[in-house]
file start-v6.txt (compact mmCIF, C-alpha atoms and all ligand atoms)
# COMPACT_ATOMS: atom_id res chain seq x y z
CA MET A 273 -2.28 3.34 35.25
CA ASN A 274 -0.70 1.92 32.09
CA GLN A 275 -0.97 -1.85 32.06
CA LEU A 276 -0.26 -2.09 28.35
CA SER A 277 2.73 -3.99 27.00
CA ASP A 278 5.89 -2.14 25.93
CA ARG A 279 5.25 -3.62 22.51
CA LEU A 280 1.89 -1.89 22.25
CA ASN A 281 3.06 1.33 23.84
CA SER A 282 5.82 1.66 21.24
CA LEU A 283 3.31 1.41 18.38
CA SER A 284 1.98 4.49 16.54
CA PRO A 285 -1.63 4.46 15.32
CA SER A 286 -2.16 4.31 11.54
CA ALA A 287 -2.06 7.92 10.29
CA THR A 288 -3.97 7.08 7.12
CA LEU A 289 -6.85 5.54 9.02
CA ALA A 290 -6.75 8.30 11.68
CA MET A 291 -7.03 11.06 9.07
CA SER A 292 -9.81 9.25 7.27
CA GLN A 293 -11.71 8.91 10.55
CA LYS A 294 -11.27 12.64 11.26
CA SER A 295 -12.60 13.45 7.81
CA ASN A 296 -15.61 11.15 8.29
CA GLU A 297 -16.36 12.75 11.67
CA LEU A 298 -16.38 16.22 10.12
CA LYS A 299 -18.60 14.95 7.30
CA ALA A 300 -21.02 13.54 9.88
CA GLN A 301 -21.20 17.02 11.41
CA GLY A 302 -22.34 18.34 8.04
CA VAL A 303 -19.01 19.78 6.85
CA ASP A 304 -18.44 19.38 3.11
CA VAL A 305 -15.10 17.56 3.34
CA ILE A 306 -13.29 16.17 0.31
CA ASN A 307 -11.47 13.07 1.50
CA LEU A 308 -8.11 12.53 -0.21
CA SER A 309 -6.72 10.74 2.83
CA VAL A 310 -7.45 7.04 2.77
CA GLY A 311 -6.16 4.99 -0.12
CA GLU A 312 -9.01 2.96 -1.50
CA PRO A 313 -10.71 2.75 -4.88
CA ASP A 314 -13.96 4.75 -4.99
CA PHE A 315 -15.51 2.17 -7.36
CA ASN A 316 -17.94 -0.53 -6.33
CA THR A 317 -16.88 -4.17 -6.44
CA PRO A 318 -17.71 -5.54 -9.94
CA ASP A 319 -21.09 -7.28 -10.19
CA HIS A 320 -19.86 -10.75 -11.14
CA ILE A 321 -17.76 -10.80 -7.96
CA LYS A 322 -20.73 -9.77 -5.83
CA GLU A 323 -22.82 -12.51 -7.50
CA ALA A 324 -20.20 -15.11 -6.60
CA ALA A 325 -20.37 -14.00 -2.97
CA LYS A 326 -24.18 -14.25 -2.95
CA LYS A 327 -23.95 -17.73 -4.41
CA ALA A 328 -21.35 -18.69 -1.79
CA ILE A 329 -23.80 -17.73 0.95
CA ASP A 330 -26.56 -19.79 -0.67
CA ASP A 331 -24.15 -22.70 -1.15
CA ASN A 332 -23.43 -22.60 2.58
CA TYR A 333 -19.83 -21.46 2.53
CA SER A 334 -20.39 -20.72 6.17
CA ARG A 335 -17.84 -22.86 7.97
CA TYR A 336 -14.17 -22.55 8.78
CA SER A 337 -12.00 -22.72 5.69
CA PRO A 338 -8.52 -24.26 5.69
CA VAL A 339 -6.16 -21.82 7.42
CA PRO A 340 -4.33 -20.77 4.19
CA GLY A 341 -7.62 -20.48 2.26
CA TYR A 342 -9.67 -22.83 0.06
CA PRO A 343 -7.64 -24.83 -2.46
CA ALA A 344 -9.82 -23.38 -5.27
CA LEU A 345 -8.78 -19.82 -4.35
CA ARG A 346 -5.14 -20.78 -3.97
CA ASN A 347 -5.21 -22.55 -7.34
CA ALA A 348 -6.73 -19.44 -8.91
CA ILE A 349 -3.86 -17.39 -7.43
CA VAL A 350 -1.32 -19.93 -8.75
CA GLU A 351 -2.84 -19.46 -12.23
CA LYS A 352 -2.79 -15.67 -11.86
CA LEU A 353 0.91 -15.69 -10.89
CA LYS A 354 1.74 -17.93 -13.85
CA LYS A 355 -0.30 -16.00 -16.41
CA GLU A 356 0.30 -12.43 -15.29
CA ASN A 357 3.73 -12.64 -13.69
CA GLY A 358 5.36 -15.64 -15.37
CA LEU A 359 6.06 -17.15 -11.93
CA GLU A 360 5.49 -20.81 -11.02
CA TYR A 361 4.17 -21.57 -7.54
CA THR A 362 2.28 -24.49 -6.04
CA ALA A 363 -0.95 -24.03 -4.05
CA ALA A 364 1.04 -24.98 -0.91
CA GLN A 365 3.18 -21.89 -1.51
CA ILE A 366 0.18 -19.58 -1.24
CA SER A 367 -1.37 -18.41 2.02
CA CYS A 368 -4.41 -16.13 2.13
CA ALA A 369 -5.08 -13.73 5.00
CA ASN A 370 -7.42 -10.96 6.12
CA GLY A 371 -6.07 -8.46 3.62
CA ALA A 372 -2.55 -7.79 2.41
CA LYS A 373 -2.04 -5.92 5.66
CA GLN A 374 -2.18 -9.17 7.61
CA SER A 375 -0.12 -10.90 4.92
CA VAL A 376 2.72 -8.38 5.41
CA CYS A 377 2.44 -8.62 9.18
CA ASN A 378 2.42 -12.44 9.14
CA ALA A 379 5.60 -12.50 7.07
CA ILE A 380 7.33 -10.02 9.37
CA LEU A 381 6.26 -11.86 12.52
CA VAL A 382 7.53 -15.23 11.28
CA LEU A 383 10.88 -13.80 10.13
CA VAL A 384 11.99 -11.19 12.63
CA ASN A 385 13.73 -11.88 15.93
CA PRO A 386 14.21 -9.11 18.50
CA GLY A 387 17.06 -6.94 17.25
CA ASP A 388 16.90 -8.11 13.63
CA GLU A 389 17.07 -5.32 11.08
CA VAL A 390 14.52 -4.81 8.33
CA ILE A 391 15.37 -2.35 5.57
CA VAL A 392 12.46 -0.06 4.79
CA PRO A 393 12.94 2.39 1.91
CA ALA A 394 11.32 5.77 2.64
CA PRO A 395 8.84 7.12 1.75
CA TYR A 396 7.14 3.96 3.03
CA TRP A 397 3.63 2.79 3.71
CA VAL A 398 2.86 3.81 7.31
CA SER A 399 2.41 0.27 8.62
CA TYR A 400 5.78 -1.29 7.66
CA PRO A 401 8.01 0.16 10.42
CA GLU A 402 5.24 -0.32 12.99
CA MET A 403 4.90 -4.00 12.07
CA VAL A 404 8.67 -4.43 12.36
CA LYS A 405 8.51 -2.83 15.81
CA LEU A 406 5.65 -5.16 16.73
CA ALA A 407 8.05 -8.04 16.01
CA GLU A 408 10.66 -6.25 18.18
CA GLY A 409 12.86 -5.76 15.14
CA THR A 410 14.62 -2.58 14.08
CA PRO A 411 13.37 -0.76 11.00
CA VAL A 412 16.37 0.59 9.05
CA ILE A 413 15.11 3.51 7.02
CA VAL A 414 16.77 4.39 3.69
CA SER A 415 15.51 7.68 2.31
CA ALA A 416 14.93 8.47 -1.34
CA GLY A 417 13.80 12.02 -2.06
CA ILE A 418 11.78 13.48 -4.91
CA GLU A 419 15.02 14.23 -6.83
CA GLN A 420 15.53 10.46 -7.27
CA ASP A 421 11.83 9.84 -7.90
CA PHE A 422 11.57 8.41 -4.38
CA LYS A 423 13.41 5.19 -5.38
CA ILE A 424 16.48 3.82 -3.62
CA THR A 425 19.62 2.95 -5.59
CA PRO A 426 21.57 -0.33 -5.40
CA ALA A 427 24.40 1.59 -3.65
CA GLN A 428 22.02 2.90 -0.98
CA LEU A 429 20.74 -0.63 -0.39
CA GLU A 430 24.20 -2.13 -0.10
CA ALA A 431 25.30 0.59 2.33
CA VAL A 432 22.74 -0.45 4.96
CA ILE A 433 23.00 -4.25 4.76
CA THR A 434 24.61 -5.67 7.90
CA PRO A 435 24.93 -9.21 9.31
CA LYS A 436 21.73 -8.44 11.25
CA THR A 437 19.67 -7.63 8.14
CA LYS A 438 16.78 -10.05 7.90
CA ALA A 439 14.63 -8.53 5.20
CA LEU A 440 14.00 -5.71 2.76
CA ILE A 441 10.47 -4.40 2.18
CA LEU A 442 9.99 -3.25 -1.37
CA CYS A 443 6.70 -1.66 -2.46
CA SER A 444 6.25 -1.09 -6.19
CA PRO A 445 4.09 0.60 -7.40
CA SER A 446 4.58 2.56 -4.21
CA ASN A 447 2.27 3.83 -1.56
CA PRO A 448 2.69 6.80 -0.88
CA THR A 449 4.67 8.06 -3.91
CA GLY A 450 3.24 6.18 -6.90
CA SER A 451 6.81 5.49 -8.06
CA VAL A 452 7.42 2.25 -9.94
CA TYR A 453 10.78 0.46 -10.09
CA SER A 454 11.67 -0.41 -13.69
CA LYS A 455 12.95 -3.86 -14.65
CA GLU A 456 16.49 -2.44 -14.83
CA GLU A 457 16.20 -0.81 -11.40
CA LEU A 458 14.95 -4.07 -9.87
CA ALA A 459 17.78 -5.94 -11.58
CA GLY A 460 20.23 -3.52 -9.93
CA LEU A 461 18.78 -4.23 -6.48
CA ALA A 462 18.75 -7.99 -7.21
CA THR A 463 22.46 -7.86 -8.10
CA VAL A 464 23.25 -6.39 -4.68
CA LEU A 465 20.98 -8.90 -2.92
CA ALA A 466 22.73 -11.79 -4.69
CA LYS A 467 25.76 -11.04 -2.48
CA TYR A 468 23.70 -11.30 0.72
CA PRO A 469 21.69 -14.52 0.52
CA GLN A 470 20.36 -14.21 4.08
CA VAL A 471 18.19 -11.19 3.17
CA ILE A 472 14.55 -12.02 2.39
CA VAL A 473 12.60 -9.62 0.18
CA LEU A 474 9.03 -8.74 1.05
CA ALA A 475 7.67 -7.54 -2.29
CA ASP A 476 4.41 -5.68 -1.72
CA GLU A 477 2.73 -5.74 -5.13
CA ILE A 478 -0.77 -4.74 -4.04
CA TYR A 479 -0.83 -1.90 -6.63
CA GLU A 480 0.31 -4.21 -9.46
CA HIS A 481 -2.68 -3.42 -11.66
CA ILE A 482 -2.65 0.31 -11.06
CA ASN A 483 0.39 0.87 -13.20
CA TYR A 484 0.61 3.40 -16.03
CA ILE A 485 3.87 2.30 -17.64
CA GLY A 486 3.13 -1.19 -18.88
CA ALA A 487 3.69 -4.68 -17.57
CA HIS A 488 4.22 -5.13 -13.84
CA GLN A 489 7.71 -6.27 -12.86
CA SER A 490 8.35 -8.41 -9.80
CA ILE A 491 11.75 -8.75 -8.15
CA ALA A 492 10.97 -12.47 -7.85
CA GLN A 493 11.63 -12.88 -11.60
CA PHE A 494 15.42 -12.39 -11.28
CA PRO A 495 17.78 -15.37 -10.97
CA GLY A 496 17.89 -16.74 -7.42
CA MET A 497 15.30 -14.27 -6.12
CA LYS A 498 12.09 -16.33 -6.12
CA GLU A 499 13.40 -18.65 -3.40
CA ARG A 500 13.93 -15.67 -1.07
CA THR A 501 11.06 -13.40 -2.03
CA VAL A 502 7.65 -13.20 -0.40
CA ILE A 503 5.20 -11.67 -2.86
CA VAL A 504 2.33 -9.86 -1.14
CA ASN A 505 -0.78 -9.08 -3.14
CA GLY A 506 -4.55 -9.18 -2.82
CA VAL A 507 -7.88 -8.09 -4.21
CA SER A 508 -8.36 -4.79 -2.31
CA LYS A 509 -6.97 -2.34 -4.86
CA ALA A 510 -7.20 -4.12 -8.23
CA TYR A 511 -10.81 -5.24 -7.80
CA ALA A 512 -12.13 -2.46 -5.52
CA MET A 513 -12.56 -4.91 -2.64
CA THR A 514 -10.99 -3.18 0.35
CA GLY A 515 -13.78 -4.22 2.71
CA TRP A 516 -13.72 -7.89 1.76
CA ARG A 517 -10.32 -8.40 3.40
CA ILE A 518 -8.51 -10.91 1.22
CA GLY A 519 -4.76 -10.74 0.68
CA PHE A 520 -2.16 -13.41 0.05
CA ILE A 521 1.51 -14.24 0.10
CA ALA A 522 3.35 -16.40 -2.39
CA GLY A 523 6.71 -17.61 -1.21
CA PRO A 524 9.04 -20.46 -0.29
CA ASP A 525 7.40 -23.49 1.42
CA TRP A 526 9.14 -23.02 4.78
CA LEU A 527 7.97 -19.46 5.11
CA VAL A 528 4.41 -20.08 3.94
CA LYS A 529 4.13 -23.01 6.36
CA ALA A 530 5.28 -20.75 9.18
CA CYS A 531 2.67 -18.11 8.27
CA ASN A 532 -0.01 -20.83 8.30
CA LYS A 533 1.10 -21.93 11.77
CA LEU A 534 0.99 -18.35 13.05
CA GLN A 535 -2.37 -17.61 11.43
CA GLY A 536 -3.79 -20.90 12.73
CA GLN A 537 -3.22 -19.65 16.26
CA TYR A 538 -4.59 -16.16 15.99
CA THR A 539 -7.07 -15.60 13.15
CA SER A 540 -7.63 -18.90 11.21
CA GLY A 541 -8.52 -18.75 7.52
CA PRO A 542 -10.04 -15.52 6.19
CA CYS A 543 -13.79 -15.02 5.62
CA SER A 544 -15.26 -17.92 3.61
CA VAL A 545 -17.62 -15.78 1.51
CA SER A 546 -14.90 -13.25 0.71
CA GLN A 547 -12.66 -16.08 -0.45
CA LYS A 548 -15.29 -17.20 -2.97
CA ALA A 549 -15.60 -13.58 -4.13
CA ALA A 550 -11.81 -13.33 -4.52
CA GLU A 551 -11.77 -16.57 -6.50
CA ALA A 552 -14.31 -15.03 -8.90
CA ALA A 553 -12.13 -11.90 -9.11
CA TYR A 554 -9.09 -13.92 -10.20
CA THR A 555 -10.88 -16.35 -12.53
CA GLY A 556 -13.49 -14.02 -14.08
CA THR A 557 -13.26 -11.21 -16.61
CA GLN A 558 -10.43 -8.73 -16.05
CA GLU A 559 -12.25 -5.95 -17.96
CA PRO A 560 -13.30 -4.02 -14.80
CA VAL A 561 -9.66 -3.97 -13.66
CA LYS A 562 -8.65 -2.37 -16.96
CA GLU A 563 -11.52 0.12 -16.80
CA MET A 564 -10.57 1.22 -13.28
CA GLN A 565 -6.91 1.46 -14.26
CA LYS A 566 -7.86 3.75 -17.14
CA ALA A 567 -9.93 5.96 -14.84
CA PHE A 568 -7.05 6.20 -12.34
CA GLU A 569 -4.66 7.13 -15.14
CA ARG A 570 -6.94 9.92 -16.33
CA ARG A 571 -7.24 11.23 -12.78
CA ARG A 572 -3.47 11.00 -12.35
CA ASP A 573 -3.03 13.23 -15.40
CA LEU A 574 -5.62 15.64 -14.05
CA ILE A 575 -4.23 15.97 -10.53
CA VAL A 576 -0.62 16.27 -11.74
CA GLU A 577 -1.57 19.05 -14.14
CA LEU A 578 -3.50 20.93 -11.42
CA ALA A 579 -1.00 20.36 -8.60
CA LYS A 580 1.86 21.64 -10.76
CA GLU A 581 0.04 24.99 -10.79
CA VAL A 582 -0.04 25.18 -6.98
CA PRO A 583 2.64 27.70 -5.93
CA GLY A 584 5.27 26.13 -3.66
CA PHE A 585 4.43 22.51 -4.55
CA GLU A 586 7.07 20.31 -6.16
CA VAL A 587 5.33 17.49 -7.97
CA ASN A 588 6.59 14.14 -9.23
CA VAL A 589 4.64 12.27 -11.90
CA PRO A 590 3.47 9.02 -10.29
CA GLN A 591 3.69 5.98 -12.56
CA GLY A 592 1.33 3.82 -10.55
CA ALA A 593 -0.97 3.48 -7.50
CA PHE A 594 -3.38 6.38 -6.85
CA TYR A 595 -1.37 8.81 -4.75
CA LEU A 596 0.30 12.14 -5.40
CA PHE A 597 3.09 13.03 -2.99
CA PRO A 598 4.04 16.68 -3.56
CA LYS A 599 6.93 18.26 -1.68
CA CYS A 600 5.45 21.12 0.28
CA ASP A 601 8.20 22.27 2.67
CA SER A 602 8.19 25.79 1.19
CA TYR A 603 5.17 26.41 3.46
CA PHE A 604 6.87 25.37 6.69
CA GLY A 605 7.25 28.25 9.11
CA LYS A 606 4.34 30.18 7.59
CA SER A 607 1.18 30.91 9.52
CA PHE A 608 -2.48 31.87 9.31
CA GLY A 609 -3.60 33.89 12.31
CA ASP A 610 -2.10 32.11 15.29
CA GLN A 611 -1.89 28.77 13.47
CA VAL A 612 1.73 28.01 12.58
CA VAL A 613 2.57 25.36 9.99
CA LYS A 614 5.72 23.69 11.30
CA ASP A 615 5.64 20.55 9.16
CA SER A 616 3.51 18.59 6.71
CA ASP A 617 1.34 17.14 9.48
CA ASP A 618 0.48 20.70 10.52
CA LEU A 619 -0.16 21.51 6.87
CA ALA A 620 -2.56 18.56 6.57
CA MET A 621 -4.42 19.75 9.69
CA TYR A 622 -4.51 23.31 8.31
CA LEU A 623 -5.90 22.10 4.97
CA LEU A 624 -8.53 20.03 6.73
CA GLY A 625 -9.65 22.97 8.88
CA GLU A 626 -9.37 25.74 6.30
CA ALA A 627 -10.00 24.02 2.94
CA HIS A 628 -11.99 21.03 4.20
CA VAL A 629 -9.72 18.75 2.23
CA ALA A 630 -8.29 15.70 4.02
CA CYS A 631 -4.71 14.75 3.06
CA VAL A 632 -2.12 12.86 5.11
CA GLY A 633 1.07 14.57 6.33
CA GLY A 634 4.28 12.91 5.22
CA THR A 635 5.84 12.27 8.66
CA SER A 636 4.20 8.87 9.09
CA PHE A 637 5.47 7.89 5.64
CA GLY A 638 9.04 8.81 6.59
CA ALA A 639 8.97 11.92 4.38
CA PRO A 640 8.10 14.95 6.53
CA ASP A 641 8.59 17.42 3.65
CA CYS A 642 5.77 15.92 1.55
CA ILE A 643 2.02 15.44 1.82
CA ARG A 644 -0.06 12.56 0.44
CA MET A 645 -3.20 12.99 -1.63
CA SER A 646 -5.19 10.02 -2.82
CA TYR A 647 -6.78 10.70 -6.21
CA ALA A 648 -9.06 7.65 -6.01
CA THR A 649 -12.01 10.01 -6.21
CA SER A 650 -14.08 11.76 -8.89
CA ASP A 651 -12.67 14.31 -11.34
CA GLU A 652 -14.97 16.94 -9.79
CA ASN A 653 -13.58 16.22 -6.33
CA ILE A 654 -10.02 16.46 -7.62
CA VAL A 655 -10.64 19.80 -9.33
CA GLU A 656 -12.46 21.25 -6.33
CA ALA A 657 -9.92 19.88 -3.81
CA ILE A 658 -6.95 21.44 -5.59
CA ARG A 659 -8.85 24.72 -6.00
CA ARG A 660 -9.54 24.81 -2.26
CA ILE A 661 -5.98 23.82 -1.38
CA LYS A 662 -4.57 26.58 -3.59
CA GLU A 663 -6.88 29.13 -2.00
CA ALA A 664 -6.03 28.03 1.57
CA LEU A 665 -2.28 27.95 0.89
CA ALA A 666 -2.43 31.51 -0.45
CA LYS A 667 -3.59 32.63 3.00
CA LEU A 668 -0.41 31.36 4.67
CA LYS A 669 2.04 34.19 5.30
N1 LIG A 701 0.21 -2.63 1.24
C1 LIG A 701 0.08 -1.37 0.83
C2 LIG A 701 1.26 -0.70 0.24
C3 LIG A 701 -1.13 -0.70 0.97
O1 LIG A 701 -1.26 0.55 0.57
C4 LIG A 701 -2.22 -1.37 1.54
C5 LIG A 701 -3.51 -0.61 1.66
N2 LIG A 701 -4.22 -0.77 2.78
C6 LIG A 701 -2.03 -2.68 1.95
C7 LIG A 701 -0.81 -3.30 1.80
C8 LIG A 701 -3.11 -3.50 2.62
O2 LIG A 701 -4.18 -3.75 1.83
P1 LIG A 701 -5.36 -4.71 2.31
O3 LIG A 701 -5.09 -5.10 3.71
O4 LIG A 701 -6.60 -3.92 2.15
O5 LIG A 701 -5.32 -5.88 1.37
N1 LIG A 702 -3.43 1.42 2.39
C1 LIG A 702 -4.41 2.46 2.44
C2 LIG A 702 -3.73 3.78 2.73
O1 LIG A 702 -2.54 3.84 2.80
C3 LIG A 702 -5.51 2.14 3.40
C4 LIG A 702 -5.34 2.53 4.82
C5 LIG A 702 -4.35 1.66 5.53
O2 LIG A 702 -4.63 0.48 5.67
O3 LIG A 702 -3.31 2.21 5.89
O4 LIG A 702 -4.41 4.76 2.86
call {"tool": "encode", "arguments": {"input": "start-v6.txt", "output": "structure tokens"}}
result
Amino acid sequence: MNQLSDRLNSLSPSATLAMSQKSNELKAQGVDVINLSVGEPDFNTPDHIKEAAKKAIDDNYSRYSPVPGYPALRNAIVEKLKKENGLEYTAAQISCANGAKQSVCNAILVLVNPGDEVIVPAPYWVSYPEMVKLAEGTPVIVSAGIEQDFKITPAQLEAVITPKTKALILCSPSNPTGSVYSKEELAGLATVLAKYPQVIVLADEIYEHINYIGAHQSIAQFPGMKERTVIVNGVSKAYAMTGWRIGFIAGPDWLVKACNKLQGQYTSGPCSVSQKAAEAAYTGTQEPVKEMQKAFERRRDLIVELAKEVPGFEVNVPQGAFYLFPKCDSYFGKSFGDQVVKDSDDLAMYLLGEAHVACVGGTSFGAPDCIRMSYATSDENIVEAIRRIKEALAKLK
């Protein structure tokens, strides 16, 4: 008997979380697995942020907060956007949620009618097309391969805009490729969008601070764009706070109000203590952010150097985030014993079983010829993981 809704039945489970769970299960059985699957910083939350959370508990921040979050947190985010991004928002234009994941989903649910199209450049973060489907919209996938550094061009964007286009989801720095759109590239996309004022841009900037090429650029900075852009960001990646679940949107009043209405009916404001921790993250020292960024950059250099030596891998040099997304289709069709590697999902399963390294196949990211490796782990793990991968791949005939 299947009593589930069509909406739910059409949804795929999150491949990143599924692979991470598989890896944890193997670990629990005593297998020495190196987990390069889930994308989360391996650092602990900085001490001053933890102290703020402890104080919040003692100060009895134990009741419902306003649905969009405490004014103090929203004001801290307003200051952050002004100082770091040169963008002026009011506290009413900020809405906090249970992680950037909910922020993205809120924005999609308030915008998309059944049949509306949402442009999703591929490779994409696994959850975007699923969230669009949840809203009964149609994800319109635009593919950008490794030869164009996984970034779409203005011409590609223009080619898929139709009267039904409601939104474009832009993720820079990107999960899963680590590619970063330059100011000029964003300007090119903004020029196309200027011709289609009905298209809203969902700018997922969660990897803003994990950027190896200088100042972060937001599409909201271009003339006419701020009024139609929803910036999504949060504390998970920059401050090593994935478990605290605080994300936010910054956007036009009408859209933020709608997200508040939606959130008020199904989750309310996010965790009170986490909000006080996030406030400390935004108002306190930014030194830990810089330290972590430096560590990620060093690991990026290390994994790129090692992965380039893996026969059959084609490697781009990621400019941000903490993912490597090598093209690995030269292994498709090869086998080990009776195990045939048909695609990158099979390759990920093979590497988990044979090398005990957990990666995520590219299919769920809309790029079946690539495989994702998160290098948010120690140098030793990176070195050992690539050694094992190389050894396991050499067995494929
Ligand atoms: N957007 C992207 C591109 C991500 O990789 C993630 C990671 N989970 C999120 C949003 C959501 O982050 P969180 O919900 O932890 O804030
Ligand atoms: N965003 C991270 C990833 O892509 C965390 C898992 C998830 O929420 O998808 O691995």
call {"tool": "residues_near_ligand", "arguments": {"input": "start-v6.txt", "ligand": "ligand LIG 701 (chain A)", "cutoff": "6 Å", "atoms": "only C-alpha atoms and all ligand atoms", "output": "list of chain:residue names"}}
result
A:Gly371, A:Ala372, A:Lys373, A:Trp397, A:Asn447, A:Asp476, A:Ile478, A:Gly506, A:Ser508, A:Thr514, A:Arg517, A:Ile518, A:Gly519
call {"tool": "atom_distance", "arguments": {"input": "start-v6.txt", "atom1": "CA of Asn378 (chain A)", "atom2": "CA of Phe520 (chain A)"}}
result
10.2 Å
call {"tool": "closest_residue", "arguments": {"input": "start-v6.txt", "among": "A:Ser646, A:Asp278, A:Asn653, A:Gly341", "to": "Asn532 (chain A)", "atoms": "all atoms listed in the file"}}
result
A:Gly341
call {"tool": "atom_distance", "arguments": {"input": "start-v6.txt", "atom1": "CA of Thr649 (chain A)", "atom2": "CA of Asp421 (chain A)"}}
result
23.9 Å
call {"tool": "residues_near_point", "arguments": {"input": "start-v6.txt", "point": "(-0.9, -1.2, -3.9)", "cutoff": "10 Å", "atoms": "all atoms listed in the file", "output": "PyMOL selection string"}}
result
chain A and resi 311-312+372+397+443-448+450+476-483+504-510+592-594
call {"tool": "closest_atom_pairs", "arguments": {"input": "start-v6.txt", "of": "chain A", "to": "ligand LIG 702 (chain A)", "cutoff": "6 Å", "atoms": "all atoms listed in the file", "output": "tab-separated table"}}
result
residue	atom	partner	partner_atom	distance
A:Thr288	CA	A:LIG702	O4	4.9
A:Leu289	CA	A:LIG702	C4	5.4
A:Val310	CA	A:LIG702	O4	3.8
A:Gly311	CA	A:LIG702	O4	3.5
call {"tool": "atom_distance", "arguments": {"input": "start-v6.txt", "atom1": "CA of Gly486 (chain A)", "atom2": "CA of Leu353 (chain A)"}}
result
16.7 Å
call {"tool": "residues_around", "arguments": {"input": "start-v6.txt", "residues": "Ala549 (chain A)", "least_positions_apart": "3", "cutoff": "9 Å", "atoms": "all atoms listed in the file", "output": "list in words"}}
result
His320, Ile321, Lys322, Glu323, Ala324, Ala325, Lys326, Ala328, Trp516, Ser544, Val545, Ser546, Ala552, Ala553 and Tyr554 of chain A
call {"tool": "closest_residue", "arguments": {"input": "start-v6.txt", "among": "A:Asp610, A:Glu360, A:Asp319, A:Asp304", "to": "Ala512 (chain A)", "atoms": "only C-alpha atoms"}}
result
A:Asp319
call {"tool": "closest_residue", "arguments": {"input": "start-v6.txt", "among": "A:Glu297, A:Glu551, A:Glu577, A:Asp330", "to": "Ile349 (chain A)", "atoms": "all atoms listed in the file"}}
result
A:Glu551
call {"tool": "residues_around", "arguments": {"input": "start-v6.txt", "residues": "region 656-661 of chain A", "least_positions_apart": "3", "cutoff": "9 Å", "atoms": "only C-alpha atoms", "output": "PyMOL selection string"}}
result
chain A and resi 306-308+575+578-579+582+623+626-629+651-653+664-666
call {"tool": "closest_residue", "arguments": {"input": "start-v6.txt", "among": "A:Ala487, A:Ile329, A:Met403, A:Ala427", "to": "Ala379 (chain A)", "atoms": "only C-alpha atoms"}}
result
A:Met403
